[in-house]
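**Student:** Here you go, this is work.txt (compact mmCIF, C-alpha atoms).
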# COMPACT_ATOMS: atom_id res chain seq x y z
CA MET A 22 -5.02 -16.59 -2.95
CA PHE A 23 -2.90 -14.91 -0.33
CA PRO A 24 -0.17 -16.88 1.44
CA VAL A 25 -0.69 -17.93 5.04
CA ILE A 26 1.54 -15.84 7.29
CA SER A 27 2.04 -15.31 10.99
CA SER A 28 0.60 -12.12 12.47
CA ARG A 29 4.11 -11.11 13.55
CA HIS A 30 5.01 -10.42 9.93
CA LEU A 31 1.74 -8.78 9.01
CA TRP A 32 2.21 -5.13 8.19
CA TRP A 33 -0.88 -3.63 6.63
CA THR A 34 -4.37 -4.94 6.04
CA GLY A 35 -7.66 -3.46 5.03
CA LEU A 36 -10.28 -3.05 2.39
CA GLN A 37 -9.72 -0.56 -0.36
CA ARG A 38 -12.62 1.04 -2.19
CA ARG A 39 -11.57 2.39 -5.52
CA ILE A 40 -13.39 4.06 -8.36
CA CYS A 41 -11.27 2.60 -11.05
CA LEU A 42 -13.03 1.05 -13.96
CA THR A 43 -12.77 3.78 -16.61
CA GLN A 44 -9.96 5.66 -18.27
CA PRO A 45 -10.18 8.22 -21.07
CA GLU A 46 -9.28 7.23 -24.61
CA LEU A 47 -8.07 9.69 -27.22
CA SER A 48 -11.59 11.05 -27.63
CA ARG A 49 -13.07 12.80 -24.61
CA GLN A 50 -16.49 11.52 -25.61
CA ARG A 51 -15.65 7.83 -25.14
CA PHE A 52 -14.19 5.79 -22.34
CA GLN A 53 -12.32 2.53 -22.42
CA HIS A 54 -13.34 0.16 -19.63
CA VAL A 55 -10.73 -1.61 -17.56
CA HIS A 56 -11.70 -5.26 -17.39
CA ILE A 57 -11.26 -6.79 -13.95
CA GLY A 58 -13.18 -9.52 -12.19
CA VAL A 59 -13.76 -10.83 -8.72
CA GLY A 60 -10.74 -12.93 -7.75
CA ASP A 61 -8.24 -10.99 -9.88
CA TRP A 62 -5.08 -10.23 -7.92
CA ALA A 63 -1.64 -8.64 -8.20
CA GLU A 64 1.48 -8.16 -6.08
CA LEU A 65 4.24 -5.58 -5.70
CA SER A 66 7.24 -5.59 -3.35
CA ARG A 67 9.76 -3.04 -2.17
CA ALA A 68 12.42 -2.44 0.45
CA PHE A 69 12.32 1.14 1.75
CA THR A 70 15.73 2.72 2.42
CA GLN A 71 16.69 5.29 5.04
CA ARG A 72 16.99 7.76 2.16
CA ASP A 73 13.32 7.06 1.26
CA VAL A 74 12.33 7.82 4.86
CA VAL A 75 14.42 11.02 4.96
CA THR A 76 13.03 12.18 1.61
CA PHE A 77 9.46 11.58 2.81
CA SER A 78 10.21 13.53 6.00
CA GLU A 79 11.62 16.43 3.99
CA LEU A 80 8.63 16.49 1.64
CA THR A 81 5.96 16.34 4.36
CA GLY A 82 7.61 17.88 7.40
CA ASP A 83 7.01 14.69 9.41
CA VAL A 84 10.30 14.73 11.31
CA ASN A 85 9.23 12.37 14.09
CA PRO A 86 12.54 11.08 15.52
CA LEU A 87 11.08 7.57 15.62
CA HIS A 88 11.64 7.52 11.85
CA LEU A 89 14.89 9.49 11.66
CA ASN A 90 16.98 9.20 14.83
CA GLU A 91 18.47 5.81 15.71
CA ASP A 92 19.50 6.94 19.21
CA PHE A 93 15.94 8.08 19.96
CA ALA A 94 14.32 5.01 18.38
CA LYS A 95 16.49 2.46 20.19
CA HIS A 96 14.96 3.61 23.49
CA THR A 97 11.41 2.99 22.26
CA LYS A 98 9.48 -0.28 22.15
CA PHE A 99 10.49 -0.60 18.48
CA GLY A 100 14.24 -0.64 19.18
CA ASN A 101 15.12 0.96 15.85
CA THR A 102 13.84 3.52 13.38
CA ILE A 103 10.73 2.52 11.48
CA VAL A 104 9.31 3.36 8.06
CA HIS A 105 6.41 5.85 7.93
CA GLY A 106 3.14 3.93 7.55
CA VAL A 107 2.11 6.29 4.78
CA LEU A 108 4.97 4.97 2.63
CA ILE A 109 3.34 1.53 2.84
CA ASN A 110 0.08 3.15 1.81
CA GLY A 111 1.96 4.60 -1.17
CA LEU A 112 3.08 1.10 -2.15
CA ILE A 113 -0.57 0.04 -2.15
CA SER A 114 -1.43 3.02 -4.32
CA ALA A 115 1.35 2.06 -6.74
CA LEU A 116 0.10 -1.54 -6.88
CA LEU A 117 -3.50 -0.55 -7.58
CA GLY A 118 -2.65 2.33 -9.90
CA THR A 119 -0.11 0.48 -12.06
CA LYS A 120 -0.85 -3.25 -11.92
CA MET A 121 -4.42 -3.98 -10.91
CA PRO A 122 -6.86 -2.49 -11.71
CA GLY A 123 -4.36 -0.02 -13.25
CA PRO A 124 -4.12 3.53 -14.62
CA GLY A 125 -7.10 5.75 -13.92
CA CYS A 126 -7.90 4.32 -10.47
CA VAL A 127 -8.83 6.68 -7.66
CA PHE A 128 -9.21 5.91 -3.93
CA LEU A 129 -12.69 6.46 -2.54
CA SER A 130 -12.04 5.18 0.99
CA GLN A 131 -9.83 2.86 2.97
CA GLU A 132 -9.35 1.15 6.30
CA ILE A 133 -5.83 0.77 7.68
CA LYS A 134 -4.39 -1.30 10.52
CA PHE A 135 -0.70 -1.29 11.43
CA PRO A 136 -0.23 -4.30 13.74
CA THR A 137 3.59 -4.31 13.52
CA PRO A 138 6.28 -1.88 12.37
CA LEU A 139 8.22 -2.03 9.13
CA TYR A 140 11.94 -1.46 9.57
CA VAL A 141 14.19 0.17 6.99
CA GLY A 142 15.58 -2.43 4.59
CA GLU A 143 12.87 -5.05 5.13
CA VAL A 144 11.16 -6.21 1.95
CA VAL A 145 7.41 -5.72 2.12
CA LEU A 146 5.08 -7.53 -0.29
CA ALA A 147 1.73 -5.93 -1.10
CA SER A 148 -1.02 -8.20 -2.48
CA ALA A 149 -4.41 -7.03 -3.69
CA GLU A 150 -7.47 -9.10 -4.61
CA VAL A 151 -10.78 -7.93 -6.08
CA LYS A 152 -13.52 -9.02 -3.67
CA LYS A 153 -16.60 -7.31 -5.09
CA LEU A 154 -17.62 -5.23 -8.09
CA LYS A 155 -20.54 -2.83 -8.21
CA ARG A 156 -20.83 -0.75 -11.37
CA PHE A 157 -17.68 1.38 -11.42
CA ILE A 158 -16.55 0.58 -7.88
CA ALA A 159 -14.30 -2.29 -6.92
CA ILE A 160 -13.83 -3.49 -3.33
CA ILE A 161 -10.25 -4.70 -3.10
CA ALA A 162 -8.73 -6.54 -0.14
CA VAL A 163 -5.10 -5.63 0.44
CA LEU A 164 -2.54 -7.48 2.53
CA CYS A 165 1.06 -6.43 3.15
CA PHE A 166 3.69 -8.43 4.96
CA VAL A 167 7.44 -8.65 5.38
CA ILE A 168 9.20 -11.24 3.24
CA GLU A 169 11.71 -13.09 5.38
CA SER A 170 15.18 -13.29 3.89
Show me this structure written as structure tokens.

**Tutor:**
Amino acid sequence: MFPVISSRHLWWTGLQRRICLTQPELSRQRFQHVHIGVGDWAELSRAFTQRDVVTFSELTGDVNPLHLNEDFAKHTKFGNTIVHGVLINGLISALLGTKMPGPGCVFLSQEIKFPTPLYVGEVVLASAEVKKLKRFIAIIAVLCFVIES
């Protein structure tokens, strides 16, 4: 199960719907099924650096000074630059696409809530748990929070 945490450290929550239970084998005619069950879970953690934020900004054109300019950000309610929320979403994608359920997964839909910011250098832990299975669709609950050092 997921650890009990205060809402102050909660970063990202939501339900993920993924079509994820098949991946091609060597033959195009056959498919190997990924075996997951309700209650299966996995975790992945990462600390995003300022270089990660700058690289993301360069790739996407999202040059919001809240993410890039310390002087600008210190005069906001956040007090410092913050990590793009989409980078957290990428961590979730990495967790689901590499650990559980694994290779071959594809997002169908998602719900996202960002109750608090993630600051550069903070370690965020992403946890995912299979809540429901229906044919080739898994409903996966995802929870991300900052690990206190």

**Student:** As a PyMOL selection string, please: the residues near region 139-147 of chain A (cut-off 10 Å, only C-alpha atoms, same-chain neighbours under 3 positions excluded).

**Tutor:** chain A and resi 30-34+63-74+88+99-106+109-110+112-113+115-117+135-136+163-170

**Student:** Which one is closest to Pro122 (chain A): A:Leu89, A:Val75, A:Phe157, A:Leu80? Count only C-alpha atoms.

**Tutor:**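 Counting only C-alpha atoms, the residue closest to Pro122 (chain A) is A:Phe157.
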
**Student:** Could you jot down the CA of Thr81 (chain A) to CA of Leu129 (chain A) separation for me, Å, one decimal place?

**Tutor:**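 Separating CA of Thr81 (chain A) from CA of Leu129 (chain A) is a distance of 22.2 Å.
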
**Student:** Between CA of Trp62 (chain A) and CA of Ser148 (chain A), measure the distance and give it in Å to one decimal.

**Tutor:**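 We find that CA of Trp62 (chain A) and CA of Ser148 (chain A) lie 7.1 Å from each other.
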
**Student:** Figure out the distance between CA of Ser114 (chain A) and CA of Glu132 (chain A), please, to one decimal in Å.

**Tutor:** 13.4 Å

**Student:** Taking all atoms of region 110-123 of chain A that appear in the file, build a box with edges along x, y and z, extend it by 8 Å on every side, and state its centre and edge lengths in Å to one decimal, as lines of an AutoDock Vina configuration file.

**Tutor:**
center_x = -1.9
center_y = 0.3
center_z = -5.7
size_x = 25.9
size_y = 24.6
size_z = 31.1
